[in-house]
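Text of the file data.tsv, holding TSV, C-alpha atoms:
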chain	number	residue	atom	x	y	z
D	1202	MET	CA	-6.30	-40.52	-89.08
D	1203	ARG	CA	-2.86	-42.06	-88.56
D	1204	THR	CA	-2.72	-42.91	-92.31
D	1205	LEU	CA	-3.43	-39.28	-93.25
D	1206	LEU	CA	-0.71	-38.05	-90.90
D	1207	THR	CA	1.79	-40.52	-92.33
D	1208	ALA	CA	0.93	-39.29	-95.82
D	1209	ALA	CA	1.48	-35.72	-94.66
D	1210	VAL	CA	4.92	-36.64	-93.30
D	1211	LEU	CA	5.87	-38.18	-96.65
D	1212	LEU	CA	4.65	-35.06	-98.45
D	1213	CYS	CA	6.71	-32.89	-96.11
D	1214	ALA	CA	9.78	-35.00	-96.85
D	1215	LEU	CA	9.26	-34.60	-100.59
D	1216	ILE	CA	8.73	-30.84	-100.44
D	1217	ALA	CA	11.19	-29.81	-97.73
D	1218	GLY	CA	13.71	-32.62	-98.09
D	1219	VAL	CA	13.33	-33.58	-94.40
D	1220	ASN	CA	11.02	-35.72	-92.28
D	1221	CYS	CA	8.58	-33.44	-90.45
D	1222	LEU	CA	7.73	-34.36	-86.88
D	1223	LEU	CA	4.25	-35.29	-85.66
D	1224	CYS	CA	3.43	-33.89	-82.20
D	1225	GLU	CA	0.31	-33.77	-80.05
D	1226	LYS	CA	-1.13	-30.26	-79.63
D	1227	CYS	CA	-3.41	-29.26	-76.76
D	1228	PHE	CA	-3.97	-26.57	-74.16
D	1229	SER	CA	-6.03	-26.88	-70.98
D	1230	VAL	CA	-6.63	-24.50	-68.07
D	1231	GLY	CA	-7.28	-25.82	-64.57
D	1232	THR	CA	-5.85	-29.33	-65.04
D	1233	THR	CA	-2.46	-31.06	-64.95
D	1234	THR	CA	-2.89	-32.80	-68.30
D	1235	CYS	CA	-4.47	-32.36	-71.72
D	1236	SER	CA	-5.08	-34.32	-74.90
D	1237	GLY	CA	-5.69	-33.13	-78.42
D	1238	ILE	CA	-4.88	-33.65	-82.07
D	1239	TYR	CA	-1.58	-34.60	-83.63
D	1240	ARG	CA	-0.23	-32.01	-86.02
D	1241	LEU	CA	2.54	-31.90	-88.55
D	1242	CYS	CA	5.28	-29.58	-87.33
D	1243	PRO	CA	7.22	-27.12	-89.52
D	1244	ALA	CA	10.33	-28.53	-91.19
D	1245	ASP	CA	12.73	-26.75	-88.79
D	1246	VAL	CA	11.12	-28.29	-85.66
D	1247	THR	CA	13.02	-31.26	-84.25
D	1248	ARG	CA	11.27	-31.68	-80.90
D	1249	CYS	CA	7.81	-32.18	-79.44
D	1250	VAL	CA	7.16	-30.48	-76.10
D	1251	GLN	CA	4.85	-30.97	-73.14
D	1252	GLY	CA	4.68	-29.02	-69.91
D	1253	LEU	CA	2.81	-27.49	-67.03
D	1254	GLU	CA	2.55	-23.88	-65.84
D	1255	ASN	CA	1.45	-23.31	-62.25
D	1256	ALA	CA	1.09	-19.71	-61.07
D	1257	THR	CA	-0.22	-18.38	-57.77
D	1258	ILE	CA	-0.59	-14.69	-56.91
D	1259	TRP	CA	-2.00	-13.97	-53.48
D	1260	ASN	CA	-4.82	-16.54	-53.23
D	1261	LYS	CA	-5.51	-16.80	-56.97
D	1262	ASN	CA	-4.16	-19.76	-58.96
D	1263	SER	CA	-3.73	-20.46	-62.67
D	1264	LEU	CA	-2.85	-24.02	-63.74
D	1265	THR	CA	-2.18	-24.69	-67.43
D	1266	ALA	CA	-1.19	-27.88	-69.25
D	1267	PHE	CA	0.21	-27.71	-72.79
D	1268	LYS	CA	1.60	-29.89	-75.59
D	1269	ASP	CA	2.87	-28.69	-78.97
D	1270	CYS	CA	5.60	-28.66	-81.57
D	1271	GLY	CA	8.71	-27.19	-80.01
D	1272	THR	CA	10.13	-24.10	-81.69
D	1273	PRO	CA	13.89	-24.11	-82.41
D	1274	SER	CA	14.44	-21.57	-79.60
D	1275	ILE	CA	12.80	-23.88	-77.05
D	1276	ARG	CA	15.85	-26.17	-77.11
D	1277	THR	CA	17.60	-24.34	-74.25
D	1278	SER	CA	14.71	-25.03	-71.86
D	1279	CYS	CA	14.07	-28.70	-72.65
D	1280	GLY	CA	14.11	-30.83	-69.52
D	1281	LYS	CA	14.33	-27.79	-67.26
D	1282	SER	CA	12.04	-25.96	-64.88
D	1283	LEU	CA	11.52	-22.27	-64.19
D	1284	SER	CA	10.80	-21.04	-60.68
D	1285	PHE	CA	10.06	-17.37	-59.98
D	1286	ARG	CA	9.02	-16.37	-56.45
D	1287	THR	CA	8.18	-13.40	-54.29
D	1288	SER	CA	6.62	-13.55	-50.82
D	1289	VAL	CA	3.10	-13.48	-52.32
D	1290	SER	CA	3.54	-15.04	-55.77
D	1291	VAL	CA	4.99	-18.20	-57.31
D	1292	VAL	CA	5.29	-19.06	-60.99
D	1293	ARG	CA	6.62	-22.48	-61.97
D	1294	ILE	CA	6.93	-23.84	-65.50
D	1295	SER	CA	8.23	-27.34	-66.28
D	1296	ARG	CA	8.95	-28.53	-69.79
D	1297	THR	CA	10.08	-31.83	-71.31
D	1298	CYS	CA	10.98	-32.45	-74.94
D	1299	CYS	CA	11.32	-35.51	-77.17
D	1300	ASN	CA	12.28	-36.06	-80.79
D	1301	SER	CA	10.11	-38.77	-82.34
D	1302	ASP	CA	6.61	-38.88	-83.82
D	1303	TYR	CA	3.76	-38.97	-81.24
D	1304	CYS	CA	6.29	-38.89	-78.37
D	1305	ASN	CA	4.60	-36.14	-76.31
D	1306	GLY	CA	1.33	-38.04	-75.88
D	1307	GLY	CA	0.14	-39.39	-72.55
D	1308	ASP	CA	0.50	-37.90	-69.07
D	1309	ILE	CA	2.57	-34.75	-68.66
D	1310	GLN	CA	5.73	-35.39	-66.67
D	1311	VAL	CA	6.27	-32.92	-63.83
D	1312	PRO	CA	9.61	-32.86	-61.96
D	1313	VAL	CA	9.79	-32.81	-58.17
D	1314	VAL	CA	10.23	-29.25	-56.85
D	1315	ASP	CA	13.22	-28.65	-54.56
D	1316	GLU	CA	11.89	-26.48	-51.72
D	1317	SER	CA	15.10	-26.40	-49.66
D	1318	PRO	CA	16.88	-23.04	-49.09
D	1319	ASN	CA	20.04	-22.77	-51.19
D	1320	GLY	CA	21.97	-20.09	-49.30
D	1321	TYR	CA	20.99	-17.16	-51.54
D	1322	LYS	CA	18.57	-14.26	-51.18
D	1323	CYS	CA	17.06	-11.49	-53.31
D	1324	ARG	CA	15.17	-8.25	-52.91
D	1325	ASN	CA	11.50	-9.05	-52.42
D	1326	CYS	CA	8.72	-6.85	-53.73
D	1327	PHE	CA	5.26	-7.23	-55.23
D	1328	TRP	CA	3.27	-4.21	-56.36
D	1329	ASP	CA	0.05	-4.54	-58.38
D	1330	LYS	CA	-1.01	-0.89	-58.45
D	1331	SER	CA	1.26	0.25	-61.28
D	1332	ALA	CA	4.33	-0.77	-63.27
D	1333	ASP	CA	6.27	2.30	-62.17
D	1334	ALA	CA	7.12	1.67	-58.53
D	1335	CYS	CA	7.54	-1.24	-56.16
D	1336	THR	CA	7.20	-0.97	-52.40
D	1337	SER	CA	7.08	-3.78	-49.86
D	1338	GLU	CA	7.56	-4.21	-46.13
D	1339	GLU	CA	9.33	-7.54	-46.67
D	1340	LYS	CA	12.58	-6.43	-48.25
D	1341	GLU	CA	14.22	-9.83	-48.86
D	1342	ILE	CA	13.24	-13.37	-49.78
D	1343	LEU	CA	15.30	-16.54	-49.33
D	1344	CYS	CA	15.83	-18.45	-52.58
D	1345	ILE	CA	15.26	-22.19	-52.90
D	1346	GLY	CA	16.40	-25.01	-55.18
D	1347	LYS	CA	17.96	-23.68	-58.39
D	1348	GLU	CA	16.90	-20.08	-57.82
D	1349	LYS	CA	20.30	-18.41	-57.92
D	1350	GLU	CA	19.49	-15.15	-59.64
D	1351	CYS	CA	17.36	-12.13	-58.77
D	1352	VAL	CA	14.90	-10.60	-61.21
D	1353	ALA	CA	13.08	-7.28	-61.29
D	1354	LEU	CA	10.15	-7.32	-63.68
D	1355	SER	CA	7.49	-4.78	-64.60
D	1356	GLY	CA	4.65	-5.06	-67.07
D	1357	THR	CA	1.01	-6.00	-67.53
D	1358	LEU	CA	-0.28	-9.41	-66.49
D	1359	ALA	CA	-3.65	-11.12	-66.88
D	1360	PHE	CA	-5.05	-14.40	-65.59
D	1361	PRO	CA	-6.90	-16.41	-68.27
D	1362	GLY	CA	-10.19	-14.69	-69.07
D	1363	GLU	CA	-9.49	-11.63	-66.92
D	1364	ALA	CA	-8.48	-8.04	-67.62
D	1365	ALA	CA	-4.80	-7.15	-67.49
D	1366	LYS	CA	-3.28	-5.30	-64.51
D	1367	ASP	CA	0.01	-3.48	-64.09
D	1368	TYR	CA	2.65	-5.17	-61.94
D	1369	ASN	CA	6.13	-4.43	-60.64
D	1370	VAL	CA	7.80	-7.35	-58.87
D	1371	SER	CA	11.21	-8.47	-57.61
D	1372	GLY	CA	12.24	-11.88	-56.34
D	1373	CYS	CA	14.23	-15.09	-56.86
D	1374	VAL	CA	14.38	-16.85	-60.23
D	1375	THR	CA	16.15	-19.90	-61.65
D	1376	LYS	CA	19.35	-19.10	-63.48
D	1377	ASN	CA	18.21	-20.69	-66.75
D	1378	TYR	CA	15.59	-17.98	-67.29
D	1379	CYS	CA	17.59	-14.76	-67.30
D	1380	GLY	CA	19.05	-13.72	-70.62
D	1381	LYS	CA	17.27	-16.44	-72.61
D	1382	ARG	CA	13.54	-15.67	-72.32
D	1383	SER	CA	12.87	-19.25	-73.50
D	1384	PHE	CA	10.23	-19.88	-70.82
D	1385	ASN	CA	7.31	-18.14	-72.47
D	1386	LEU	CA	4.10	-18.17	-70.44
D	1387	HIS	CA	1.14	-20.25	-71.64
D	1388	GLY	CA	-1.69	-19.49	-69.19
D	1389	LEU	CA	-0.79	-16.10	-67.74
D	1390	GLN	CA	-0.62	-13.30	-70.27
D	1391	LEU	CA	2.39	-11.11	-69.56
D	1392	LYS	CA	3.81	-8.22	-71.55
D	1393	TYR	CA	7.20	-7.02	-70.37
D	1394	TYR	CA	8.01	-3.37	-69.92
D	1395	ASP	CA	11.39	-4.16	-68.45
D	1396	VAL	CA	13.30	-7.15	-67.07
D	1397	GLU	CA	16.56	-6.90	-65.17
D	1398	CYS	CA	18.44	-9.87	-63.75
D	1399	SER	CA	21.39	-10.00	-61.36
D	1400	ALA	CA	23.28	-12.55	-59.32
D	1401	ALA	CA	21.59	-13.58	-56.08
D	1402	ILE	CA	23.21	-12.51	-52.81
D	1403	LYS	CA	24.88	-15.02	-50.51
D	1404	VAL	CA	23.08	-15.24	-47.17
Show me the file's structure as structure tokens.
Amino acid sequence: MRTLLTAAVLLCALIAGVNCLLCEKCFSVGTTTCSGIYRLCPADVTRCVQGLENATIWNKNSLTAFKDCGTPSIRTSCGKSLSFRTSVSVVRISRTCCNSDYCNGGDIQVPVVDESPNGYKCRNCFWDKSADACTSEEKEILCIGKEKECVALSGTLAFPGEAAKDYNVSGCVTKNYCGKRSFNLHGLQLKYYDVECSAAIKV
């Protein structure tokens, strides 16, 4: 198998004039790791990626491990983590990248989560009855770690294997998410109707 992949890399170099990267590709729900096949990435890909998505809404959890070729747009999120929280939901995505053949194999590296309050707060709301309105008795949530922006998001969301529901939520989010949209979801299926970000409020 390794001989065939090496031949494919040489062929890519001859056709595209560059050395194409070989990255492991896999996707697994309910575990913190996955293993799969190595694939030849497109000529414009310079990084392999691996990561973990952990989402909890009320008492329902979705855990997804993934490895793949990294798209050019993924560069801004390499080595970073996304945290999005309301009082009843948490979505965390961690992602690491590397730039050599077979480099994203093995265990997925997950950074330690900083749970300490950071002195900022946001409007807190979670509404799963429609995407048109958001009401909540808890009006604010304290942000933690690198969550220094507020986000208001509405759209349809589905857990793996389940039907989609309409949501309208507001809470704290890490600053490296807003404006870049580079943290695409892997396990949860989310279609945005609208996303609005603003600076978090000093407590």
> Given the choices D:Tyr1239, D:Thr1232, D:Lys1392, D:Asp1245, which gets closest to Asn1220 in chain D if the distance is worked out from all atoms listed in the file?
Replying inline: D:Asp1245
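Relative to CA of Cys1235 in chain D, CA of Thr1265 in chain D is found at 9.1 Å.
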> Of the candidates D:Thr1234, D:Gln1310, D:Gln1251, D:Ser1284, which one gets nearest to Gly1372 in chain D if we count all atoms listed in the file?
Replying inline: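 Residue with the minimum atom-to-atom distance to Gly1372 in chain D: D:Ser1284.
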> Using only C-alpha atoms, which of D:Phe1267, D:Tyr1368, D:Tyr1378, D:Tyr1303 sits nearest Leu1283 in chain D?
Replying inline: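 Distance minimum relative to Leu1283 in chain D lands on D:Tyr1378.
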Selection near Glu1341 in chain D, 7 Å with only C-alpha atoms, sequence-local residues under 3 positions removed, as a compact mmCIF listing (two decimals) with C-alpha atoms, in the coordinates of the input:
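New file part-v2.txt:
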# COMPACT_ATOMS: atom_id res chain seq x y z
CA LYS D 1322 18.57 -14.26 -51.18
CA CYS D 1323 17.06 -11.49 -53.31
CA ARG D 1324 15.17 -8.25 -52.91
CA ASN D 1325 11.50 -9.05 -52.42
> Between D:Cys1221, D:Val1311, D:Val1374, D:Cys1304, which has the minimum distance to Gly1252 in chain D (counting all atoms listed in the file)?
Replying inline: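 Residue with the minimum atom-to-atom distance to Gly1252 in chain D: D:Val1311.
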> Got a sec: who's within 7 Å of Val1246 in chain D, counting all atoms listed in the file, leaving out chain neighbours fewer than 4 positions off, as a ChimeraX atom specification?
Replying inline: /D:1242,1270-1273
>> Taking 3 positions as the minimum chain separation for residues in the same chain, which residues sit within 9 Å of Val1396 in chain D when counting all atoms listed in the file? Answer as a count of residues only.
In response: 7
Closest contacts (range 1285-1388 of chain D/range 1254-1259 of chain D, max 8 Å, all atoms listed in the file) as a Markdown table:
| residue | atom | partner | partner_atom | distance |
| --- | --- | --- | --- | --- |
| D:Val1289 | CA | D:Trp1259 | CA | 5.3 |
| D:Ser1290 | CA | D:Ile1258 | CA | 4.3 |
| D:Val1291 | CA | D:Thr1257 | CA | 5.2 |
| D:Val1292 | CA | D:Ala1256 | CA | 4.3 |
| D:Arg1293 | CA | D:Asn1255 | CA | 5.2 |
| D:Ile1294 | CA | D:Glu1254 | CA | 4.4 |
| D:Ser1295 | CA | D:Glu1254 | CA | 6.7 |
| D:Leu1386 | CA | D:Glu1254 | CA | 7.5 |
| D:His1387 | CA | D:Glu1254 | CA | 7.0 |
| D:Gly1388 | CA | D:Glu1254 | CA | 7.0 |
>> So the first atom is CA of Cys1373 in chain D and the second is CA of Thr1233 in chain D; what is the distance between them in Å, to one decimal place?
In response: 24.5 Å
> If you count only C-alpha atoms, which residues fall within 9 Å of Asp1302 in chain D, apart from same-chain ones fewer than 4 positions away, as a list in words?
Replying inline: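 The neighbour list is Cys1221, Leu1222, Leu1223, Cys1224, Glu1225 and Cys1249 of chain D.
Among the candidate residues D:Cys1279, D:Val1370, D:Ala1266, D:Leu1241, the one lying nearest to Trp1328 in chain D is D:Val1370, with distances computed using all atoms listed in the file.
As for CA of Lys1268 in chain D and CA of Lys1376 in chain D, they are spaced 24.0 Å apart.
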>> Give me the residues near Glu1316 in chain D as a PyMOL selection string, where near means some atom within 10 Å (using only C-alpha atoms) and where sequence neighbours in that chain fewer than 3 positions away do not count.
In response: chain D and resi 1313+1319+1344-1347
> With distances taken over all atoms listed in the file, which of D:Phe1327, D:Val1404, D:Leu1358, D:Gly1231 is nearest to Ser1288 in chain D?
Replying inline: D:Phe1327
